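Listing of my_file-v9.cif; format and content: mmCIF, C-alpha atoms.
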```cif
data_structure
loop_
_atom_site.label_atom_id
_atom_site.label_comp_id
_atom_site.auth_asym_id
_atom_site.auth_seq_id
_atom_site.Cartn_x
_atom_site.Cartn_y
_atom_site.Cartn_z
CA MET A 16 100.78 128.56 88.90
CA LYS A 17 104.42 128.46 87.77
CA THR A 18 104.90 125.18 85.96
CA TYR A 19 108.01 123.14 85.24
CA GLY A 20 108.15 119.70 83.70
CA LEU A 21 109.85 116.79 82.06
CA ILE A 22 109.65 115.49 78.49
CA GLY A 23 110.73 112.01 77.50
CA PHE A 24 109.41 108.60 76.58
CA PRO A 25 108.71 106.58 78.63
CA LEU A 26 108.65 108.37 81.98
CA SER A 27 107.53 105.58 84.29
CA HIS A 28 111.09 105.30 85.65
CA SER A 29 111.51 108.98 86.50
CA PHE A 30 111.78 110.35 90.04
CA SER A 31 111.89 114.00 88.89
CA ALA A 32 108.25 114.91 89.57
CA GLY A 33 108.46 113.37 93.03
CA TYR A 34 111.71 115.17 93.77
CA PHE A 35 110.30 118.57 92.88
CA LYS A 36 107.04 117.90 94.76
CA LYS A 37 109.05 117.26 97.93
CA LYS A 38 111.27 120.26 97.24
CA PHE A 39 108.32 122.61 96.85
CA GLU A 40 106.66 121.27 100.02
CA LYS A 41 109.86 121.44 102.07
CA GLU A 42 110.71 124.98 100.96
CA GLY A 43 107.15 126.28 101.20
CA ILE A 44 106.89 127.03 97.49
CA VAL A 45 103.11 127.05 96.97
CA ASP A 46 102.88 128.70 93.55
CA SER A 47 104.79 126.04 91.57
CA GLN A 48 104.21 122.57 90.17
CA TYR A 49 106.24 120.02 88.18
CA LEU A 50 104.51 117.82 85.60
CA ASN A 51 105.48 114.89 83.39
CA PHE A 52 104.89 115.32 79.65
CA GLU A 53 105.32 111.87 78.12
CA ILE A 54 105.50 112.55 74.39
CA PRO A 55 105.82 109.78 71.77
CA SER A 56 107.98 111.92 69.45
CA ILE A 57 110.09 115.05 69.83
CA GLU A 58 107.86 116.88 67.31
CA LYS A 59 105.34 117.29 70.15
CA VAL A 60 107.67 119.44 72.29
CA LEU A 61 106.50 122.78 70.87
CA GLU A 62 102.87 121.72 71.27
CA VAL A 63 103.55 121.05 74.96
CA ILE A 64 105.16 124.46 75.43
CA LYS A 65 102.50 126.41 73.54
CA SER A 66 99.56 124.66 75.21
CA ASN A 67 100.94 125.28 78.72
CA PRO A 68 101.39 129.07 79.00
CA GLU A 69 102.53 128.84 82.64
CA LEU A 70 105.43 126.55 81.70
CA GLN A 71 108.71 128.21 82.73
CA GLY A 72 111.15 125.43 81.94
CA ILE A 73 111.47 121.75 81.15
CA ASN A 74 113.89 118.93 81.71
CA VAL A 75 114.66 116.55 78.85
CA THR A 76 115.36 112.86 79.27
CA ILE A 77 115.71 109.71 77.14
CA PRO A 78 115.51 109.65 74.16
CA TYR A 79 115.31 113.39 73.37
CA LYS A 80 118.49 115.01 74.74
CA GLU A 81 119.96 115.25 71.24
CA GLN A 82 116.73 115.21 69.21
CA VAL A 83 115.50 118.42 70.89
CA LEU A 84 118.36 120.58 69.58
CA PRO A 85 116.69 121.73 66.32
CA TYR A 86 113.75 123.10 68.31
CA LEU A 87 115.90 125.42 70.43
CA ASP A 88 116.75 129.02 69.61
CA LYS A 89 120.00 129.12 71.57
CA LEU A 90 122.40 126.90 73.55
CA ASP A 91 124.72 127.79 76.39
CA ASP A 92 128.40 127.11 75.76
CA ALA A 93 128.60 123.72 77.49
CA ALA A 94 125.44 122.39 75.82
CA LYS A 95 126.75 123.56 72.45
CA GLU A 96 130.05 121.73 72.93
CA ILE A 97 128.39 118.58 74.24
CA GLY A 98 125.64 118.48 71.63
CA ALA A 99 122.98 117.44 74.12
CA VAL A 100 120.49 119.27 76.35
CA ASN A 101 118.65 118.19 79.46
CA THR A 102 117.31 121.57 80.63
CA ILE A 103 115.39 124.21 78.68
CA LYS A 104 114.52 127.69 79.92
CA ILE A 105 111.45 129.22 78.30
CA PHE A 106 111.43 132.95 77.62
CA ARG A 107 108.01 134.42 76.77
CA LYS A 108 107.77 137.93 75.31
CA GLY A 109 104.22 138.61 74.29
CA ASP A 110 103.36 136.05 71.64
CA GLU A 111 107.04 135.23 71.08
CA ILE A 112 108.53 132.12 72.69
CA LEU A 113 112.29 131.66 72.85
CA LEU A 114 113.97 128.48 74.09
CA LYS A 115 117.50 128.22 75.47
CA GLY A 116 119.12 124.86 76.17
CA TYR A 117 121.49 123.93 78.98
CA ASN A 118 123.15 120.73 80.20
CA THR A 119 122.94 120.36 83.97
CA ASP A 120 123.92 116.67 83.76
CA VAL A 121 127.47 118.01 83.55
CA TYR A 122 127.21 119.65 86.96
CA GLY A 123 125.50 116.69 88.59
CA PHE A 124 127.90 114.11 87.21
CA LYS A 125 131.07 116.08 87.93
CA GLU A 126 130.19 116.90 91.53
CA THR A 127 129.26 113.30 92.37
CA LEU A 128 132.15 111.67 90.50
CA LYS A 129 135.11 113.71 91.71
CA PRO A 130 135.03 112.53 95.37
CA LEU A 131 135.15 108.90 94.18
CA LEU A 132 138.22 109.11 91.94
CA LYS A 133 141.52 107.57 93.02
CA ASN A 134 144.97 108.62 91.81
CA PHE A 135 145.11 105.63 89.45
CA HIS A 136 141.78 106.43 87.77
CA HIS A 137 143.24 107.89 84.57
CA LYS A 138 141.06 106.17 81.97
CA ALA A 139 137.34 105.50 81.60
CA LEU A 140 134.95 103.42 79.54
CA ILE A 141 131.61 104.99 78.64
CA LEU A 142 128.91 102.42 77.96
CA GLY A 143 126.47 103.88 75.44
CA THR A 144 126.75 106.77 72.99
CA GLY A 145 123.58 108.83 73.51
CA GLY A 146 123.04 112.33 74.86
CA ALA A 147 123.88 111.40 78.45
CA ALA A 148 127.14 109.83 77.26
CA LYS A 149 128.19 113.12 75.71
CA ALA A 150 127.83 114.93 79.03
CA VAL A 151 129.84 112.17 80.71
CA GLU A 152 132.60 112.47 78.11
CA TYR A 153 132.68 116.25 78.54
CA VAL A 154 133.21 115.92 82.31
CA LEU A 155 135.75 113.09 82.13
CA LYS A 156 137.92 114.85 79.59
CA ASN A 157 137.74 118.14 81.48
CA ILE A 158 139.07 116.50 84.64
CA GLY A 159 141.82 114.76 82.72
CA LEU A 160 140.64 111.23 82.04
CA GLU A 161 141.15 109.42 78.76
CA VAL A 162 137.85 108.14 77.36
CA LEU A 163 136.79 105.20 75.20
CA TYR A 164 133.20 104.56 74.12
CA ILE A 165 131.68 101.08 74.16
CA SER A 166 128.80 100.64 71.75
CA ARG A 167 126.66 97.87 70.33
CA ASN A 168 127.34 99.41 66.92
CA PRO A 169 130.76 101.14 66.88
CA GLU A 170 130.92 103.92 64.30
CA ASN A 171 134.39 105.45 64.67
CA GLU A 172 137.89 104.86 65.99
CA ASN A 173 136.99 106.03 69.50
CA GLU A 174 134.30 103.36 69.84
CA ARG A 175 134.66 99.66 70.54
CA SER A 176 132.14 96.86 70.69
CA TYR A 177 131.23 95.00 73.85
CA SER A 178 132.73 91.84 72.35
CA GLU A 179 136.15 93.52 72.27
CA LEU A 180 136.22 94.06 76.03
CA ASN A 181 138.71 91.81 77.79
CA GLU A 182 140.72 91.68 81.02
CA THR A 183 143.24 94.24 79.74
CA ALA A 184 140.51 96.73 78.90
CA ILE A 185 138.82 96.39 82.30
CA ARG A 186 142.15 96.81 84.11
CA ASN A 187 143.47 99.65 81.93
CA PHE A 188 140.18 101.58 82.00
CA PRO A 189 139.21 101.21 85.68
CA VAL A 190 136.39 103.78 85.61
CA ILE A 191 133.31 102.36 83.89
CA VAL A 192 130.25 104.59 83.41
CA ASN A 193 126.95 103.20 82.21
CA SER A 194 125.14 105.95 80.32
CA SER A 195 122.80 103.54 78.54
CA PRO A 196 119.27 102.69 79.77
CA LEU A 197 120.18 99.01 80.21
CA GLY A 198 118.93 97.89 83.62
CA MET A 199 116.51 100.78 84.13
CA TYR A 200 113.09 100.07 85.60
CA PRO A 201 111.10 98.10 84.59
CA ASN A 202 113.83 96.09 82.81
CA ILE A 203 115.80 95.50 85.99
CA ASP A 204 117.17 92.09 84.92
CA ALA A 205 119.21 93.61 82.07
CA CYS A 206 122.76 94.94 82.27
CA PRO A 207 125.59 95.94 79.93
CA GLU A 208 127.50 92.90 78.67
CA ILE A 209 130.96 93.61 80.03
CA PRO A 210 133.27 90.85 81.38
CA TYR A 211 132.44 91.28 85.07
CA ASP A 212 134.81 88.44 86.05
CA PHE A 213 137.72 90.85 85.48
CA VAL A 214 136.30 93.64 87.63
CA ASN A 215 138.10 94.15 90.94
CA GLU A 216 138.57 96.60 93.81
CA ASN A 217 140.44 99.05 91.57
CA ASN A 218 137.38 99.62 89.42
CA LEU A 219 134.80 102.33 89.88
CA LEU A 220 131.42 101.51 88.35
CA TYR A 221 129.08 104.49 88.00
CA ASP A 222 125.55 104.03 86.67
CA LEU A 223 123.54 107.08 85.62
CA ILE A 224 120.42 105.03 86.33
CA TYR A 225 118.81 105.65 89.76
CA ASN A 226 115.75 103.41 89.46
CA PRO A 227 116.39 100.76 90.72
CA ALA A 228 118.82 102.02 93.36
CA GLU A 229 121.19 99.16 92.59
CA THR A 230 121.13 98.00 88.99
CA LEU A 231 122.42 94.59 87.99
CA PHE A 232 125.48 96.39 86.57
CA LEU A 233 126.27 97.84 89.99
CA LYS A 234 125.42 94.64 91.84
CA LYS A 235 127.83 92.60 89.72
CA GLY A 236 130.53 95.23 90.24
CA ARG A 237 129.99 95.39 94.00
CA GLU A 238 130.25 91.62 94.25
CA LYS A 239 133.70 91.86 92.65
CA GLY A 240 134.84 94.48 95.14
CA ALA A 241 134.42 97.55 92.92
CA LEU A 242 133.36 100.94 94.25
CA THR A 243 129.87 101.66 92.91
CA GLN A 244 127.66 104.74 92.55
CA ASN A 245 124.13 105.11 91.20
CA GLY A 246 122.67 108.20 89.57
CA LEU A 247 120.39 109.47 92.35
CA ALA A 248 122.74 112.12 93.74
CA MET A 249 123.49 113.23 90.18
CA LEU A 250 119.75 113.53 89.49
CA GLU A 251 119.25 115.68 92.58
CA LEU A 252 122.17 118.00 91.83
CA GLN A 253 121.23 118.47 88.18
CA ALA A 254 117.63 119.15 89.25
CA GLU A 255 118.75 121.86 91.66
CA LYS A 256 120.90 123.44 88.96
CA ALA A 257 117.97 123.30 86.52
CA TYR A 258 115.70 125.05 89.03
CA GLU A 259 118.34 127.73 89.54
CA ILE A 260 118.46 128.31 85.78
CA TRP A 261 114.67 128.52 85.52
CA THR A 262 114.22 130.94 88.41
CA SER A 263 117.34 133.12 88.40
CA ASP A 264 117.64 136.33 86.37
CA GLU A 265 121.32 135.48 86.02
CA TYR A 266 120.41 133.12 83.17
CA GLN A 267 119.28 135.33 80.32
CA PHE A 268 118.58 134.57 76.69
#
```

What would the structure in this file look like if it were written as structure tokens?
Amino acid sequence: MKTYGLIGFPLSHSFSAGYFKKKFEKEGIVDSQYLNFEIPSIEKVLEVIKSNPELQGINVTIPYKEQVLPYLDKLDDAAKEIGAVNTIKIFRKGDEILLKGYNTDVYGFKETLKPLLKNFHHKALILGTGGAAKAVEYVLKNIGLEVLYISRNPENENERSYSELNETAIRNFPVIVNSSPLGMYPNIDACPEIPYDFVNENNLLYDLIYNPAETLFLKKGREKGALTQNGLAMLELQAEKAYEIWTSDEYQF
């Protein structure tokens, strides 16, 4: 049985296993399964791979997209530039196991964001600074948007604190992307502390979270007239790209 899976902690929020189950059923793929591997620390990743010899590839989610890098033998160019991985292809040659990392978040985010952008969407705020944020930054910069990080603990000149956000910031940076886990199931009453009173119809609020379908962040934005987008379509597109990487001979070590 060809096996694919997901590592992260926790995984109670994830729709990935359900998505692949439906995909396999719909496409008549009877020799494959997708499993969750909820590991309490990234050190367990090699144990998961070695103890599951049928494992062909894994997705990586919070909080391991950056922490997994030292365990990989090679990165594709985009993953190397971003510094974060959400997809790993496993190459087995006898007793040798080689791991190559990719970032399919880039594909999923870019393809779902581009149709939403208006001609005045030149600047973006990224809420959070983790591995998902790096993929977001990579896409935004590559399509020509200026980027500013918002962090609870700013560490450099390209990061600002939430307390520094004001009306000018919300108006000058109309695209606001939440890459943090704030508001993710089961903590659905939480949201990033931005000044929602200044959000209007010129803003685009994009949340990488897909569970719940409408986070409090998106709800507050919608109520102010902003265009909103959750992360479900991004999840589906990145999942399809991951499956292509795992199963296509085009992606070699």

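Counting all atoms listed in the file and comparing A:Tyr225, A:Tyr86, A:Tyr153, A:Phe24, the residue that lies closest to Gly98 of chain A is A:Tyr153.
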
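Contact shell of Phe35 of chain A at 10 Å (all atoms listed in the file; same-chain neighbours under 5 positions omitted): Tyr19, Gly20, Phe30, Glu40, Lys41, Ser47, Gln48, Tyr49, Leu50, Glu251, Ala254, Glu255 and Tyr258 of chain A.
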
- Query: Near Leu247 of chain A, within 10 Å and counting only C-alpha atoms, which residues show up once chain neighbours fewer than 4 positions away are dropped, as a ChimeraX atom specification?
  - Reply: /A:30,123,127,222-228,251-253

- Could you state which residues are captured by the PyMOL selection byres ((chain A and resi 81-85) around 7) in this file, as a ChimeraX atom specification? /A:57,79-80,86-87,98-100,146

- Run the PyMOL selection byres ((chain A and resi 155) around 10) against the file shown and list the residues it catches, as number ranges by chain. A: 121, 124-125, 128-129, 137-139, 141, 149-154, 156-162, 190

- Note on the structure: Atom pair atom CA of Leu114 of chain A + atom CA of Tyr34 of chain A, distance 23.9 Å

- Selected by the PyMOL selection byres ((chain A and resi 91-93) around 7) in the shown coordinates: which residues, as a ChimeraX atom specification? /A:89-90,94-97,116-118

Take the selection from the previous step and output its residues with C-alpha atoms, as a short mmCIF file (atom, residue, chain, number, x, y, z; two decimals), in the coordinates of the input.
```
data_model
loop_
_atom_site.label_atom_id
_atom_site.label_comp_id
_atom_site.auth_asym_id
_atom_site.auth_seq_id
_atom_site.Cartn_x
_atom_site.Cartn_y
_atom_site.Cartn_z
CA LYS A 89 120.00 129.12 71.57
CA LEU A 90 122.40 126.90 73.55
CA ALA A 94 125.44 122.39 75.82
CA LYS A 95 126.75 123.56 72.45
CA GLU A 96 130.05 121.73 72.93
CA ILE A 97 128.39 118.58 74.24
CA GLY A 116 119.12 124.86 76.17
CA TYR A 117 121.49 123.93 78.98
CA ASN A 118 123.15 120.73 80.20
#
```

To test the calculation: enclose all listed atoms of segment 157-174 of chain A in a box whose edges run along x, y and z, add 3 Å on each side, then state centre and edge lengths in Å to one decimal, as JSON.
```
{"center_x": 134.2, "center_y": 108.0, "center_z": 74.5, "size_x": 21.2, "size_y": 26.3, "size_z": 26.3}
```

- Pick from A:Arg175, A:His136, A:Lys234, A:Lys65 nearest to Asn187 of chain A, counting only C-alpha atoms: A:His136
